[in-house]
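Colleague: Right, I'll just put the structure down here and ask away after.
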Amino acid sequence: MKLQNKVAIITGATRGMGEEIAYTFAREGAKLILSGRNEERGNAVQKKIREQGGNALFVKGDITSYETNQALVQTCLDTYGTVDILVCSAGLLGLGKLTELLQETWEKTIATNLSAVYYLTSQGIPVMKKKGKGSIVIIGSIAGYKTFPAHPAYCASKGALIQLTKQIALDYGPEIRINLLNPGQVDTPLLQESTKAFPNPDTIIEETIQNIPLKRLGLPEDIAKAALFLASDDASWITGSNLVVDGGVLCNS
Ligand SMILES: NC(=O)c1ccc[n+]([C@@H]2O[C@H](COP(=O)([O-])OP(=O)(O)OC[C@H]3O[C@@H](n4cnc5c(N)ncnc54)[C@H](O)[C@@H]3O)[C@@H](O)[C@H]2O)c1
């Protein structure tokens with residue numbers, strides 16, 4: 001098992017990619033703190049992992065609050081005694097052209113996709129530094145490289161993660177590795193929601209698939225496998241990298 005006895009905190013763990021990353025990490029032996037806002041879904045993910053013999057604890061909270069992230073790290077220390085891995089997967093689209101976007105939507109999107117990554121990593125890094133080892137996987141997006149209609153807050157926040165990742169990888173090596181994993185279009189509720197920003201919401205997914213060299217949407221499992229690689233010792237000489245997992249769609253940009 002690639003994560004035997006490793007302790008990981010995963011945000012956005014109640015749905016989509018974060019949920020799949022949780023199942024994958026649990027199967028590989030990791031003990032998990034599952035972060036999310038929806039108690040019913042969080043408890044269901046926790047139950048499924050425990051039924052399969054894994055260790056998981058759901059902690060409810062909105063990650064746009066600094067205190068929530070502080071509590072996540074503290075609960076992890078109280079429960080498992082350490083923190084080895086952070087996965088920042090929670091994300092928000094915050095759709096709308098710049099001049100039509102509510103200021104509140106802009107701020108919430110930046111808070112979820114960018115500031116929350118700062119909150120959690122700034123809490124987790126000192127623990128890892130003291131321990132002498134740690135790995136952080138941040139879920140970015142191809143939107144960090146490529147624009148989409150009416151996605152200004154999303155693209156800005158995901159673009160900023162590229163530089164944040166490189167900066168903290170530079171500052172916190174050699175003990176801690178920090179990598180950005182950039183999915184393309186992956187079949188989750190968030191992708192379905194993104195179709196609203198397009199003039200052709202009913203056909204955009206089919207059109208998207210035609211633009212993907214590998215001719216299919218990504219599956220949460222595709223991202224979970226890459227997250228496992230980056231989090232594990234298999235990636236022990238990789239830090240500050242931007243791994244794109246997109247079926248080749250950026251080849252079209
Ligand atoms: N689906 C895609 O096509 C795609 C593509 C590129 C990048 N991404 C990124 O992948 C990550 C996971 O997205 P997904 O597709 O699994 O989306 P999703 O909407 O299925 O899951 C995102 C999770 O984050 C949680 N979340 C959002 N705001 C939160 C907050 N303030 N506090 C706590 N939890 C919060 C949601 O409740 C949800 O459980 C996101 O960062 C997203 O930007 C997704």
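Lettering and numbering for the structure tokens are positional, with chains as A, B, ... in the shown order, residues counted from 1 in each chain, and ligands counted from 1 in the shown order.
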Give one line per residue of chain A that approaches ligand 1 to at most 7 Å, naming the two atoms of the closest pair and their distance in Å to one decimal, counting only C-alpha atoms and all ligand atoms; sort by chain then ascending residue number and deliver it as a Markdown table.
Modeller:
| residue | atom | partner | partner_atom_place_in_ligand_line | distance |
| --- | --- | --- | --- | --- |
| A:Thr11 | CA | ligand 1 | 34 (N) | 6.4 |
| A:Gly12 | CA | ligand 1 | 24 (O) | 3.7 |
| A:Ala13 | CA | ligand 1 | 39 (O) | 6.0 |
| A:Thr14 | CA | ligand 1 | 39 (O) | 4.7 |
| A:Arg15 | CA | ligand 1 | 39 (O) | 4.2 |
| A:Gly16 | CA | ligand 1 | 16 (O) | 3.4 |
| A:Met17 | CA | ligand 1 | 16 (O) | 3.8 |
| A:Gly18 | CA | ligand 1 | 16 (O) | 5.7 |
| A:Ser35 | CA | ligand 1 | 33 (C) | 6.7 |
| A:Gly36 | CA | ligand 1 | 34 (N) | 4.5 |
| A:Arg37 | CA | ligand 1 | 33 (C) | 5.0 |
| A:Asn38 | CA | ligand 1 | 37 (O) | 6.7 |
| A:Gly61 | CA | ligand 1 | 33 (C) | 6.0 |
| A:Asp62 | CA | ligand 1 | 32 (N) | 3.6 |
| A:Ile63 | CA | ligand 1 | 32 (N) | 4.0 |
| A:Thr64 | CA | ligand 1 | 31 (N) | 5.0 |
| A:Ser89 | CA | ligand 1 | 11 (C) | 4.5 |
| A:Ala90 | CA | ligand 1 | 24 (O) | 3.3 |
| A:Gly91 | CA | ligand 1 | 41 (O) | 3.6 |
| A:Leu92 | CA | ligand 1 | 27 (C) | 5.3 |
| A:Leu93 | CA | ligand 1 | 43 (O) | 6.6 |
| A:Thr112 | CA | ligand 1 | 31 (N) | 5.2 |
| A:Asn113 | CA | ligand 1 | 41 (O) | 6.3 |
| A:Ile139 | CA | ligand 1 | 41 (O) | 5.2 |
| A:Gly140 | CA | ligand 1 | 7 (C) | 5.6 |
| A:Ser141 | CA | ligand 1 | 7 (C) | 3.9 |
| A:Ile142 | CA | ligand 1 | 6 (C) | 6.0 |
| A:Ala143 | CA | ligand 1 | 6 (C) | 6.9 |
| A:Asn182 | CA | ligand 1 | 7 (C) | 6.2 |
| A:Pro183 | CA | ligand 1 | 6 (C) | 4.3 |
| A:Gly184 | CA | ligand 1 | 5 (C) | 4.8 |
| A:Gln185 | CA | ligand 1 | 3 (O) | 3.6 |
| A:Val186 | CA | ligand 1 | 3 (O) | 3.7 |
| A:Asp187 | CA | ligand 1 | 1 (N) | 5.7 |
| A:Thr188 | CA | ligand 1 | 15 (O) | 4.7 |
| A:Pro189 | CA | ligand 1 | 20 (O) | 4.7 |
| A:Leu190 | CA | ligand 1 | 19 (O) | 4.1 |
| A:Leu191 | CA | ligand 1 | 1 (N) | 4.5 |
Colleague: Near region 26-32 of chain A, counting only C-alpha atoms, which residues have an atom at most 6 Å away, once you skip same-chain residues fewer than 5 positions from it, shown as a list in words?
Modeller: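 Contacts, in chain order: Met1, Lys2, Leu3, Gln4, Asn5, Lys6, Val7, Ala8, Ile9, Gly54, Asn55 and Ala56 of chain A.
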Colleague: Could you pull out the residues in region 22-125 of chain A that DSSP calls strand (DSSP E or B) from the backbone, as a list in words?
Modeller: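 Of region 22-125 of chain A, the ones in strand (DSSP E or B) are Lys31, Leu32, Ile33, Leu34, Ser35, Gly36, Asn55, Ala56, Leu57, Phe58, Val59, Lys60, Ile85, Leu86, Val87 and Cys88 of chain A.
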Colleague: Just how far from CA of Cys88 (chain A) is CA of Glu175 (chain A), in Å to one decimal?
Modeller: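 We find that CA of Glu175 (chain A) and CA of Cys88 (chain A) lie 19.0 Å from each other.
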Colleague: Would you mind listing what lies within 12 Å of Ser253 (chain A) as JSON, numbers by chain, with only C-alpha atoms counted and same-chain residues fewer than 2 positions away left out?
Modeller: {"A": [142, 143, 145, 146, 147, 148, 211, 212, 213, 248, 249, 250, 251]}
Colleague: Deliver the residues from the most recent selection as a file, using N, CA, C and O atoms, as a PDB file, in the first residue's frame.
Modeller:
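Resulting contents of part.pdb:
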ATOM      1  N   ILE A 142      -7.245  23.327 -15.481  1.00  0.00           N
ATOM      2  CA  ILE A 142      -6.750  23.860 -16.749  1.00  0.00           C
ATOM      3  C   ILE A 142      -7.182  25.324 -16.898  1.00  0.00           C
ATOM      4  O   ILE A 142      -6.623  26.052 -17.710  1.00  0.00           O
ATOM      5  N   ALA A 143      -8.153  25.753 -16.067  1.00  0.00           N
ATOM      6  CA  ALA A 143      -8.564  27.166 -16.073  1.00  0.00           C
ATOM      7  C   ALA A 143      -7.450  28.075 -15.542  1.00  0.00           C
ATOM      8  O   ALA A 143      -7.558  29.298 -15.647  1.00  0.00           O
ATOM      9  N   TYR A 145      -4.666  27.982 -16.972  1.00  0.00           N
ATOM     10  CA  TYR A 145      -3.910  28.209 -18.218  1.00  0.00           C
ATOM     11  C   TYR A 145      -4.771  28.751 -19.348  1.00  0.00           C
ATOM     12  O   TYR A 145      -4.273  29.346 -20.284  1.00  0.00           O
ATOM     13  N   LYS A 146      -6.081  28.436 -19.272  1.00  0.00           N
ATOM     14  CA  LYS A 146      -6.965  28.615 -20.416  1.00  0.00           C
ATOM     15  C   LYS A 146      -8.217  29.328 -19.915  1.00  0.00           C
ATOM     16  O   LYS A 146      -8.666  29.074 -18.800  1.00  0.00           O
ATOM     17  N   THR A 147      -8.781  30.214 -20.755  1.00  0.00           N
ATOM     18  CA  THR A 147      -9.998  30.916 -20.336  1.00  0.00           C
ATOM     19  C   THR A 147     -11.254  30.160 -20.771  1.00  0.00           C
ATOM     20  O   THR A 147     -11.214  29.358 -21.709  1.00  0.00           O
ATOM     21  N   PHE A 148     -12.338  30.454 -20.078  1.00  0.00           N
ATOM     22  CA  PHE A 148     -13.660  29.915 -20.417  1.00  0.00           C
ATOM     23  C   PHE A 148     -14.657  31.068 -20.303  1.00  0.00           C
ATOM     24  O   PHE A 148     -14.423  31.999 -19.525  1.00  0.00           O
ATOM     25  N   ASN A 211     -13.455  18.034 -28.471  1.00  0.00           N
ATOM     26  CA  ASN A 211     -12.193  18.798 -28.417  1.00  0.00           C
ATOM     27  C   ASN A 211     -11.113  18.136 -27.575  1.00  0.00           C
ATOM     28  O   ASN A 211     -10.002  18.653 -27.459  1.00  0.00           O
ATOM     29  N   ILE A 212     -11.476  17.053 -26.910  1.00  0.00           N
ATOM     30  CA  ILE A 212     -10.496  16.361 -26.060  1.00  0.00           C
ATOM     31  C   ILE A 212      -9.816  15.282 -26.900  1.00  0.00           C
ATOM     32  O   ILE A 212     -10.491  14.383 -27.417  1.00  0.00           O
ATOM     33  N   PRO A 213      -8.500  15.349 -27.071  1.00  0.00           N
ATOM     34  CA  PRO A 213      -7.830  14.330 -27.886  1.00  0.00           C
ATOM     35  C   PRO A 213      -8.157  12.893 -27.469  1.00  0.00           C
ATOM     36  O   PRO A 213      -8.261  12.025 -28.324  1.00  0.00           O
ATOM     37  N   GLY A 248      -5.662  15.626 -22.748  1.00  0.00           N
ATOM     38  CA  GLY A 248      -4.968  16.311 -23.841  1.00  0.00           C
ATOM     39  C   GLY A 248      -5.618  17.608 -24.283  1.00  0.00           C
ATOM     40  O   GLY A 248      -5.193  18.203 -25.284  1.00  0.00           O
ATOM     41  N   VAL A 249      -6.629  18.083 -23.551  1.00  0.00           N
ATOM     42  CA  VAL A 249      -7.395  19.236 -24.051  1.00  0.00           C
ATOM     43  C   VAL A 249      -6.547  20.503 -24.199  1.00  0.00           C
ATOM     44  O   VAL A 249      -6.796  21.316 -25.094  1.00  0.00           O
ATOM     45  N   LEU A 250      -5.510  20.645 -23.368  1.00  0.00           N
ATOM     46  CA  LEU A 250      -4.670  21.850 -23.500  1.00  0.00           C
ATOM     47  C   LEU A 250      -3.862  21.847 -24.801  1.00  0.00           C
ATOM     48  O   LEU A 250      -3.361  22.886 -25.220  1.00  0.00           O
ATOM     49  N   CYS A 251      -3.765  20.685 -25.443  1.00  0.00           N
ATOM     50  CA  CYS A 251      -3.082  20.631 -26.753  1.00  0.00           C
ATOM     51  C   CYS A 251      -3.835  21.485 -27.768  1.00  0.00           C
ATOM     52  O   CYS A 251      -3.276  21.900 -28.775  1.00  0.00           O
TER      53      CYS A 251
END
Colleague: What gap, in Å, lies between CA of Phe229 (chain A) and CA of Met128 (chain A)?
Modeller: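 If I compute the distance from CA of Phe229 (chain A) to CA of Met128 (chain A), I get 18.8 Å.
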Colleague: As a PyMOL selection string, please: the residues near Glu221 (chain A) (cut-off 10 Å, only C-alpha atoms, same-chain neighbours under 5 positions excluded).
Modeller: chain A and resi 16-17+19-21+23-24+186+226-227
Colleague: Can you work out the spacing between CA of Ala153 (chain A) and CA of Ala197 (chain A) in Å, to one decimal?
Modeller: 12.8 Å
Colleague: From region 123-231 of chain A, collect each residue whose DSSP state is helix (DSSP H, G or I) and return the set as a PyMOL selection string.
Modeller: chain A and resi 123-131+142-144+152-172+189-197+204-211+220-231
Colleague: Go through A:Gly240, A:Gly144, A:Gly159, A:Pro199 one by one, measure the shortest atom-to-atom distance of each to Ile176 (chain A) using only C-alpha atoms, and give the residue with the smallest value.
Modeller: A:Gly240
Colleague: For Leu164 (chain A), which residue among A:Ser236, A:Thr208, A:Thr203, A:Asn179 is the nearest when counting only C-alpha atoms?
Modeller: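 Checking each candidate against Leu164 (chain A), we get A:Asn179 as the closest.
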